[in-house]
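> start_6.cif is reproduced below (mmCIF, C-alpha atoms and all ligand atoms).
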data_protein
#
loop_
_atom_site.label_atom_id
_atom_site.label_comp_id
_atom_site.auth_asym_id
_atom_site.auth_seq_id
_atom_site.Cartn_x
_atom_site.Cartn_y
_atom_site.Cartn_z
CA MET G 1 12.22 51.65 -37.70
CA SER G 2 14.92 52.06 -40.32
CA GLY G 3 16.33 54.50 -42.79
CA LEU G 4 14.99 55.09 -46.27
CA ASP G 5 16.82 53.41 -49.15
CA THR G 6 16.25 55.85 -52.00
CA ALA G 7 17.80 53.63 -54.69
CA GLY G 8 15.40 53.29 -57.59
CA LEU G 9 12.83 55.79 -56.31
CA ASP G 10 11.04 57.59 -59.14
CA TRP G 11 11.08 61.13 -57.77
CA GLU G 12 8.91 62.53 -60.53
CA ALA G 13 6.21 59.91 -59.97
CA LEU G 14 6.33 60.50 -56.20
CA ARG G 15 6.06 64.28 -56.71
CA ASP G 16 3.05 63.75 -59.00
CA LEU G 17 1.43 61.52 -56.36
CA ARG G 18 1.94 64.17 -53.70
CA GLN G 19 0.41 66.88 -55.89
CA GLY G 20 -2.55 64.58 -56.41
CA PHE G 21 -2.91 63.94 -52.67
CA LEU G 22 -2.82 67.66 -51.96
CA HIS G 23 -5.14 68.79 -54.73
CA GLY G 24 -7.37 65.76 -55.25
CA MET G 25 -7.50 62.93 -57.78
CA ASP G 26 -10.63 61.29 -59.15
CA ALA G 27 -9.20 58.43 -61.18
CA ASP G 28 -7.38 55.37 -59.86
CA TYR G 29 -3.75 56.47 -59.63
CA TRP G 30 -2.18 53.11 -58.79
CA LEU G 31 -0.74 52.45 -62.22
CA SER G 32 1.78 49.79 -61.19
CA SER G 33 2.72 47.74 -58.17
CA GLU G 34 6.18 49.39 -58.32
CA LEU G 35 4.52 52.74 -57.66
CA ILE G 36 2.56 51.27 -54.75
CA ASP G 37 5.79 49.90 -53.34
CA GLN G 38 7.50 53.28 -53.65
CA TYR G 39 4.51 54.89 -51.92
CA ASP G 40 4.71 52.28 -49.16
CA ARG G 41 8.39 52.98 -48.50
CA THR G 42 7.92 56.76 -48.40
CA PHE G 43 4.51 58.41 -47.88
CA GLY G 44 3.11 55.16 -46.52
CA GLU G 45 5.89 54.83 -43.95
CA ARG G 46 5.25 58.40 -42.78
CA ILE G 47 1.55 57.57 -42.45
CA GLY G 48 2.69 54.57 -40.41
CA TRP G 49 4.36 57.00 -37.97
CA LYS G 50 0.96 58.66 -37.50
CA TRP G 51 -0.64 55.28 -36.86
CA ASP G 52 2.08 54.55 -34.29
CA HIS G 53 1.14 57.77 -32.49
CA VAL G 54 -2.58 56.96 -32.46
CA LEU G 55 -2.12 53.32 -31.46
CA SER G 56 0.20 54.31 -28.64
CA ASP G 57 -2.37 56.87 -27.43
CA LEU G 58 -4.99 54.10 -27.46
CA ARG G 59 -2.75 51.74 -25.50
CA MET G 60 -2.12 54.48 -22.91
CA LEU G 61 -5.89 54.89 -22.62
CA GLY G 62 -6.15 51.16 -21.91
CA TRP G 63 -8.13 50.53 -25.10
CA ALA G 64 -7.90 47.16 -26.86
CA PRO G 65 -9.84 46.23 -29.98
CA PRO G 66 -12.98 44.10 -29.79
CA SER G 67 -12.71 40.57 -31.09
CA GLY G 68 -13.59 39.88 -34.71
CA PRO G 69 -12.11 40.79 -38.05
CA VAL G 70 -10.28 43.93 -39.08
CA VAL G 71 -11.24 45.75 -42.28
CA ASP G 72 -8.67 48.12 -43.81
CA TRP G 73 -10.86 50.24 -46.11
CA ALA G 74 -9.13 52.13 -48.96
CA CYS G 75 -6.07 50.18 -47.87
CA GLY G 76 -3.64 51.42 -50.53
CA SER G 77 -0.40 49.59 -49.73
CA GLY G 78 -1.94 48.35 -46.47
CA VAL G 79 0.01 50.38 -43.90
CA ALA G 80 -2.93 50.72 -41.48
CA GLY G 81 -3.71 46.99 -41.36
CA ARG G 82 -0.07 46.06 -40.80
CA ARG G 83 0.53 48.71 -38.11
CA PHE G 84 -2.70 47.69 -36.34
CA GLY G 85 -1.74 43.99 -36.51
CA ALA G 86 1.71 44.76 -35.09
CA ALA G 87 0.21 46.79 -32.23
CA PHE G 88 -2.63 44.49 -31.19
CA GLY G 89 -1.56 41.05 -32.37
CA GLY G 90 -2.14 39.52 -35.73
CA ASP G 91 -4.68 36.86 -34.75
CA ARG G 92 -7.65 38.75 -36.22
CA PRO G 93 -8.48 38.06 -39.87
CA LEU G 94 -7.80 41.06 -42.09
CA TYR G 95 -10.05 42.15 -44.96
CA LEU G 96 -8.61 44.61 -47.46
CA ARG G 97 -10.76 46.97 -49.52
CA ASP G 98 -9.73 49.45 -52.19
CA ARG G 99 -11.09 50.60 -55.53
CA SER G 100 -7.72 49.47 -56.94
CA ALA G 101 -7.38 45.70 -57.32
CA LEU G 102 -3.63 46.22 -57.71
CA ALA G 103 -3.47 47.91 -54.30
CA VAL G 104 -5.46 45.12 -52.64
CA ARG G 105 -3.12 42.50 -54.13
CA TYR G 106 -0.02 44.40 -52.96
CA ALA G 107 -1.44 45.00 -49.47
CA ALA G 108 -2.48 41.34 -49.14
CA ARG G 109 0.98 40.09 -50.04
CA ARG G 110 2.66 42.45 -47.57
CA ALA G 111 0.17 41.60 -44.82
CA ARG G 112 0.73 37.86 -45.29
CA GLU G 113 4.50 38.45 -45.23
CA ALA G 114 3.93 40.20 -41.89
CA GLY G 115 2.19 37.07 -40.58
CA LEU G 116 -1.41 38.31 -40.85
CA GLU G 117 -4.29 36.16 -42.05
CA VAL G 118 -5.90 37.87 -45.04
CA LEU G 119 -9.41 36.82 -46.04
CA GLU G 120 -11.51 37.70 -49.05
CA GLY G 121 -15.25 38.27 -49.26
CA ALA G 122 -17.70 40.22 -47.18
CA THR G 123 -17.70 40.74 -43.43
CA ALA G 124 -19.53 42.77 -40.82
CA GLY G 125 -18.56 43.60 -37.27
CA GLY G 126 -15.04 43.92 -35.90
CA VAL G 127 -12.79 46.92 -36.38
CA LEU G 128 -12.83 49.29 -39.34
CA LEU G 129 -9.55 51.03 -40.18
CA VAL G 130 -9.62 54.09 -42.42
CA SER G 131 -6.56 56.10 -43.34
CA HIS G 132 -5.86 59.12 -45.51
CA VAL G 133 -8.76 58.87 -47.91
CA LEU G 134 -11.28 61.48 -46.78
CA ASN G 135 -10.24 64.13 -49.29
CA GLU G 136 -10.67 61.62 -52.11
CA LEU G 137 -14.29 60.81 -51.26
CA ASP G 138 -17.32 62.63 -52.64
CA ASP G 139 -20.43 62.81 -50.48
CA SER G 140 -21.93 59.61 -51.83
CA ALA G 141 -18.72 57.58 -51.30
CA LEU G 142 -18.53 58.99 -47.79
CA ASP G 143 -22.18 58.02 -47.17
CA GLY G 144 -21.27 54.43 -48.11
CA LEU G 145 -18.28 54.42 -45.78
CA VAL G 146 -20.35 55.85 -42.91
CA ALA G 147 -22.94 53.09 -43.50
CA LEU G 148 -20.18 50.48 -43.27
CA ALA G 149 -18.83 52.11 -40.08
CA ASN G 150 -22.31 51.82 -38.58
CA ARG G 151 -22.17 48.04 -39.05
CA MET G 152 -18.84 47.74 -37.19
CA ASP G 153 -18.00 47.39 -33.48
CA ALA G 154 -15.17 49.92 -33.55
CA VAL G 155 -13.60 52.40 -35.94
CA VAL G 156 -10.02 53.75 -35.97
CA TRP G 157 -9.70 56.53 -38.54
CA VAL G 158 -6.50 58.51 -39.17
CA GLU G 159 -6.22 61.49 -41.53
CA PRO G 160 -3.83 64.37 -42.22
CA GLY G 161 -3.90 67.28 -39.79
CA ASP G 162 -5.10 70.00 -42.17
CA ARG G 163 -8.11 72.09 -41.27
CA ALA G 164 -10.45 70.99 -44.08
CA THR G 165 -9.91 67.25 -43.62
CA SER G 166 -10.05 67.43 -39.85
CA ARG G 167 -13.29 69.41 -39.83
CA ARG G 168 -14.85 66.94 -42.28
CA LEU G 169 -13.79 64.11 -39.95
CA SER G 170 -15.47 65.95 -37.07
CA THR G 171 -18.74 65.94 -39.03
CA VAL G 172 -18.43 62.18 -39.56
CA ARG G 173 -18.25 61.62 -35.78
CA SER G 174 -21.91 62.40 -35.18
CA ARG G 175 -23.02 60.19 -38.10
CA ILE G 176 -21.58 56.97 -36.64
CA ASP G 177 -23.60 55.40 -33.90
CA LEU G 178 -20.64 54.35 -31.71
CA SER G 179 -19.17 56.08 -28.66
CA PRO G 180 -16.16 58.35 -29.14
CA VAL G 181 -13.03 56.98 -27.46
CA ALA G 182 -10.31 59.35 -28.71
CA PRO G 183 -9.19 62.03 -29.24
CA CYS G 184 -12.48 63.07 -27.65
CA THR G 185 -12.65 63.07 -23.86
CA HIS G 186 -16.43 63.42 -23.94
CA SER G 187 -19.34 62.17 -26.02
CA GLY G 188 -21.17 65.48 -26.42
CA ALA G 189 -21.38 67.34 -29.72
CA CYS G 190 -17.99 68.20 -31.22
CA PRO G 191 -17.16 71.75 -30.06
CA MET G 192 -15.11 72.37 -33.22
CA LEU G 193 -18.35 72.51 -35.20
CA GLU G 194 -19.86 75.31 -33.16
CA PRO G 195 -20.17 78.53 -35.19
CA ASP G 196 -17.74 80.38 -32.90
CA HIS G 197 -15.00 77.83 -33.47
CA GLU G 198 -14.76 77.80 -37.24
CA ARG G 199 -11.11 78.81 -37.19
CA HIS G 200 -10.17 75.78 -35.10
CA TRP G 201 -9.79 72.14 -36.04
CA CYS G 202 -9.07 69.01 -34.06
CA HIS G 203 -5.47 68.07 -34.74
CA GLN G 204 -2.45 66.79 -32.91
CA PHE G 205 1.22 66.28 -33.68
CA GLY G 206 2.87 62.88 -33.54
CA ALA G 207 6.57 62.46 -32.81
CA PRO G 208 8.53 61.45 -35.92
CA PRO G 209 11.07 58.67 -35.28
CA PRO G 210 14.74 59.66 -34.91
CA GLU G 211 15.62 58.62 -38.47
CA ALA G 212 13.29 61.32 -39.82
CA PHE G 213 15.92 63.77 -38.54
CA THR G 214 19.11 61.80 -39.00
CA ASP G 215 18.81 59.44 -41.97
CA ARG G 216 20.31 60.56 -45.30
CA GLY G 217 17.59 58.86 -47.34
CA TRP G 218 14.79 60.59 -45.45
CA GLY G 219 16.67 63.89 -45.80
CA GLU G 220 16.82 63.40 -49.56
CA PHE G 221 13.10 62.54 -49.63
CA ALA G 222 12.24 65.69 -47.64
CA ASN G 223 14.29 67.88 -50.00
CA LYS G 224 13.17 66.37 -53.26
CA ILE G 225 9.47 66.04 -52.39
CA GLY G 226 9.17 69.12 -50.20
CA VAL G 227 7.76 67.41 -47.11
CA ASP G 228 8.73 68.74 -43.67
CA LEU G 229 9.45 65.50 -41.83
CA ARG G 230 10.06 67.29 -38.51
CA SER G 231 6.35 67.88 -38.16
CA LEU G 232 3.76 65.11 -38.10
CA PRO G 233 0.31 66.73 -38.01
CA LEU G 234 -2.65 64.39 -37.92
CA SER G 235 -6.31 64.18 -37.09
CA TYR G 236 -7.99 61.00 -35.94
CA LEU G 237 -11.14 59.51 -34.58
CA VAL G 238 -11.66 56.33 -32.59
CA LEU G 239 -15.16 55.05 -31.86
CA ASP G 240 -16.28 51.91 -30.06
CA ALA G 241 -19.63 50.31 -29.26
CA ARG G 242 -18.35 49.01 -25.91
CA CYS G 243 -16.85 52.00 -24.16
CA GLY G 244 -16.93 55.73 -24.04
CA THR G 245 -14.25 58.30 -23.41
CA GLY G 246 -11.80 58.68 -20.56
CA SER G 247 -11.94 62.02 -18.83
CA GLY G 248 -9.79 65.12 -18.75
CA SER G 249 -9.04 67.42 -21.66
CA ARG G 250 -7.46 66.95 -25.04
CA ILE G 251 -4.75 69.40 -26.07
CA ILE G 252 -5.47 70.70 -29.57
CA GLY G 253 -2.60 71.64 -31.86
CA ARG G 254 0.51 73.26 -30.41
CA PRO G 255 0.72 75.66 -27.46
CA LYS G 256 1.64 79.30 -28.07
CA VAL G 257 4.57 80.21 -25.88
CA TYR G 258 5.18 83.75 -24.58
CA LYS G 259 7.72 85.13 -22.12
CA ALA G 260 5.84 84.41 -18.90
CA HIS G 261 3.03 82.08 -19.96
CA ALA G 262 1.86 79.68 -22.65
CA THR G 263 -1.66 79.45 -24.06
CA VAL G 264 -3.06 76.01 -24.72
CA LEU G 265 -6.27 75.12 -26.53
CA LEU G 266 -8.20 72.44 -24.63
CA CYS G 267 -11.23 70.41 -25.67
CA ASP G 268 -13.39 68.66 -23.09
CA GLU G 269 -17.00 68.23 -22.04
CA THR G 270 -17.28 71.95 -21.26
CA GLY G 271 -16.28 72.79 -24.84
CA LEU G 272 -13.26 74.38 -26.42
CA LYS G 273 -11.29 76.87 -24.37
CA GLU G 274 -7.95 78.61 -24.45
CA VAL G 275 -6.16 78.51 -21.09
CA ARG G 276 -2.99 80.11 -19.72
CA VAL G 277 -0.15 78.09 -18.22
CA GLY G 278 1.89 80.52 -16.11
CA LYS G 279 5.67 80.12 -15.92
CA GLY G 280 5.62 81.13 -12.23
CA ARG G 281 2.72 78.93 -11.08
CA LEU G 282 3.42 75.85 -13.24
CA PRO G 283 7.11 75.91 -14.20
CA SER G 284 7.35 72.30 -15.38
CA ALA G 285 4.20 72.47 -17.55
CA PHE G 286 5.44 75.80 -18.95
CA ARG G 287 8.83 74.24 -19.73
CA ALA G 288 7.12 71.29 -21.42
CA ALA G 289 5.02 73.71 -23.50
CA ARG G 290 8.17 75.58 -24.55
CA LYS G 291 9.84 72.31 -25.61
CA ASP G 292 6.64 71.09 -27.33
CA GLN G 293 6.49 68.14 -24.93
CA LEU G 294 3.11 68.69 -23.30
CA GLY G 295 1.66 65.34 -24.33
CA SER G 296 -1.84 65.27 -25.72
CA ARG G 297 -4.16 64.69 -22.74
CA VAL G 298 -4.28 66.50 -19.45
CA ASP G 299 -6.28 66.56 -16.27
CA CYS G 300 -6.23 70.12 -15.02
CA VAL G 301 -7.94 72.57 -12.72
CA VAL G 302 -8.77 75.89 -14.39
CA ARG G 303 -10.15 79.11 -12.91
CA ASP G 304 -10.87 82.14 -15.07
CA ASP G 305 -8.83 80.67 -17.96
CA GLU G 306 -5.78 80.29 -15.69
CA VAL G 307 -4.55 76.73 -15.10
CA LEU G 308 -4.10 76.12 -11.37
CA GLU G 309 -3.14 72.42 -11.50
CA TRP G 310 -1.79 70.46 -14.45
CA ASN G 311 -1.55 66.64 -14.46
CA ASP G 312 -0.31 65.05 -17.67
CA GLY G 313 -2.21 62.05 -18.98
CA ALA G 314 -5.90 61.86 -18.08
CA PRO G 315 -7.35 58.74 -16.41
CA VAL G 316 -7.78 55.62 -18.49
CA LEU G 317 -11.05 54.27 -19.83
C1 LIG G 401 -3.83 58.24 -50.10
S1 LIG G 401 -4.23 56.58 -50.34
C2 LIG G 401 -4.16 56.00 -48.68
C3 LIG G 401 -3.91 54.54 -48.63
C4 LIG G 401 -3.81 53.96 -47.24
N1 LIG G 401 -5.10 53.97 -46.59
C5 LIG G 401 -2.78 54.67 -46.42
O1 LIG G 401 -3.13 55.31 -45.41
O2 LIG G 401 -1.59 54.61 -46.78
C6 LIG G 401 -5.98 56.56 -50.61
C7 LIG G 401 -6.49 55.21 -51.04
O3 LIG G 401 -7.92 55.28 -51.14
C8 LIG G 401 -8.34 54.54 -52.28
N2 LIG G 401 -9.67 55.05 -52.66
C9 LIG G 401 -10.00 56.28 -53.08
N3 LIG G 401 -11.33 56.38 -53.28
C10 LIG G 401 -11.85 55.19 -52.95
C11 LIG G 401 -13.16 54.66 -52.96
N4 LIG G 401 -14.22 55.41 -53.33
N5 LIG G 401 -13.36 53.38 -52.57
C12 LIG G 401 -12.30 52.61 -52.21
N6 LIG G 401 -11.03 53.05 -52.19
C13 LIG G 401 -10.81 54.32 -52.56
C14 LIG G 401 -7.24 54.78 -53.30
O4 LIG G 401 -7.22 53.82 -54.32
C15 LIG G 401 -6.01 54.74 -52.40
O5 LIG G 401 -5.52 53.43 -52.28
#
Could the structure of this file be written out as structure tokens, please?

Amino acid sequence: MSGLDTAGLDWEALRDLRQGFLHGMDADYWLSSELIDQYDRTFGERIGWKWDHVLSDLRMLGWAPPSGPVVDWACGSGVAGRRFGAAFGGDRPLYLRDRSALAVRYAARRAREAGLEVLEGATAGGVLLVSHVLNELDDSALDGLVALANRMDAVVWVEPGDRATSRRLSTVRSRIDLSPVAPCTHSGACPMLEPDHERHWCHQFGAPPPEAFTDRGWGEFANKIGVDLRSLPLSYLVLDARCGTGSGSRIIGRPKVYKAHATVLLCDETGLKEVRVGKGRLPSAFRAARKDQLGSRVDCVVRDDEVLEWNDGAPVL
């Protein structure tokens, strides 16, 4: 991890990109490899922090990718493929796909510089990586991507943590014929999609690296682009033909902290439920909730919405 060198950044172009990401863009927006490089150093790096969070959650679960190639679909500057290679070893061939040939060329060069083997042509099987593209896909493009996912052995898909994108990702889950590994702790229907739960969405918060708070370059980026780097909301989905979920419950979003208790939204095989963590009964879990350090999985005993026992980190796969 390192600071952000802002020399030469085209703030206007980066602001335009961000507006496009937030409000949607139909046409190919990668107009130059300089712009892709600026994206990679800024937005792409922040997306890399989200990948770090997801890949570390997978390692804690004891998950390792199946053998075979890795496909980074809609690769952009190729952050996902590089982060995945760094986390799980770069001995799997990497295939890069994007509607922009310029992006594929940039991502291939950076991946090779990182020691990864990049291949061209078609492949099936292995691991599909998808990152930050869902809100750019119409239904027919998404159908094509789902069909590709159904030909793979595993899928790791990371998206922003907003409600609309996350809920769309939840609908994708049931269309891919692989077992959910994470964030799900069960393979039943996604509780978020039940009519009673429309106001909820499956999202977590990663931990930004220290330089997001301390580095002058990142501070300038946050001010000029209007991104709050202290918060790293994300949604994700990991599916695998070989294994199913661990157990326990997934903590959704952030706890709400009151004077004598915190409420935490949990998702598990019994569905979605809001539970109370009492300051008196569970002082250390309450303290962790207050400091936003609860972790993201828990094994707990609940009676009448009151948590009686709280054990951080559910069992591994
Ligand atoms: C916001 S960028 C994300 C890039 C990269 N995955 C990341 O996480 O940094 C979205 C990428 O999706 C690509 N894209 C959009 N629609 C696509 C489509 N229908 N087929 C292939 N690539 C597409 C864009 O060209 C762009 O590179």
> Using all atoms listed in the file, which of the listed residues (G:Arg99, G:Arg297, G:His132, G:Arg105) sits closest to Ile36 in chain G?
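Checking each candidate against Ile36 in chain G, we get G:Arg105 as the closest.
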> At a cut-off of 7 Å around ligand LIG 401 (chain G), and using all atoms listed in the file, what residues come up? Please write them as a list in words.
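The neighbouring residues of ligand LIG 401 (chain G) are, in order, Phe21, Asp28, Tyr29, Trp30, Gly44, Ile47, Trp73, Ala74, Cys75, Gly76, Ser77, Gly78, Val79, Ala80, Arg97, Asp98, Arg99, Ser100, Ala103, Val130, Ser131, His132, Val133, Glu136, Leu137 and Ala141 of chain G.
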> At a cut-off of 10 Å, can you tabulate as JSON lines every residue of range 165-225 of chain G near range 11-20 of chain G together with its closest atom pair and the distance in Å to one decimal, using all atoms listed in the file and ordering rows by chain then number?

{"residue": "G:Phe221", "atom": "CA", "partner": "G:Trp11", "partner_atom": "CA", "distance": 8.5}
{"residue": "G:Lys224", "atom": "CA", "partner": "G:Trp11", "partner_atom": "CA", "distance": 7.2}
{"residue": "G:Ile225", "atom": "CA", "partner": "G:Arg15", "partner_atom": "CA", "distance": 5.8}
> What lies within 10 Å of Leu308 in chain G using only C-alpha atoms, ignoring chain neighbours under 3 positions off, as a PDB file with C-alpha atoms, keeping the file's coordinate frame?

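Full text of part03.pdb as output:
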ATOM      1  CA  ARG G 276      -2.990  80.110 -19.720  1.00  0.00           C
ATOM      2  CA  VAL G 277      -0.150  78.090 -18.220  1.00  0.00           C
ATOM      3  CA  GLY G 278       1.890  80.520 -16.110  1.00  0.00           C
ATOM      4  CA  ARG G 281       2.720  78.930 -11.080  1.00  0.00           C
ATOM      5  CA  LEU G 282       3.420  75.850 -13.240  1.00  0.00           C
ATOM      6  CA  CYS G 300      -6.230  70.120 -15.020  1.00  0.00           C
ATOM      7  CA  VAL G 301      -7.940  72.570 -12.720  1.00  0.00           C
ATOM      8  CA  VAL G 302      -8.770  75.890 -14.390  1.00  0.00           C
ATOM      9  CA  ARG G 303     -10.150  79.110 -12.910  1.00  0.00           C
ATOM     10  CA  ASP G 304     -10.870  82.140 -15.070  1.00  0.00           C
ATOM     11  CA  ASP G 305      -8.830  80.670 -17.960  1.00  0.00           C
TER      12      ASP G 305
END
> What does the distance from CA of Arg242 in chain G to CA of Asp72 in chain G come to in Å, to one decimal?
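The value is 20.4 Å.
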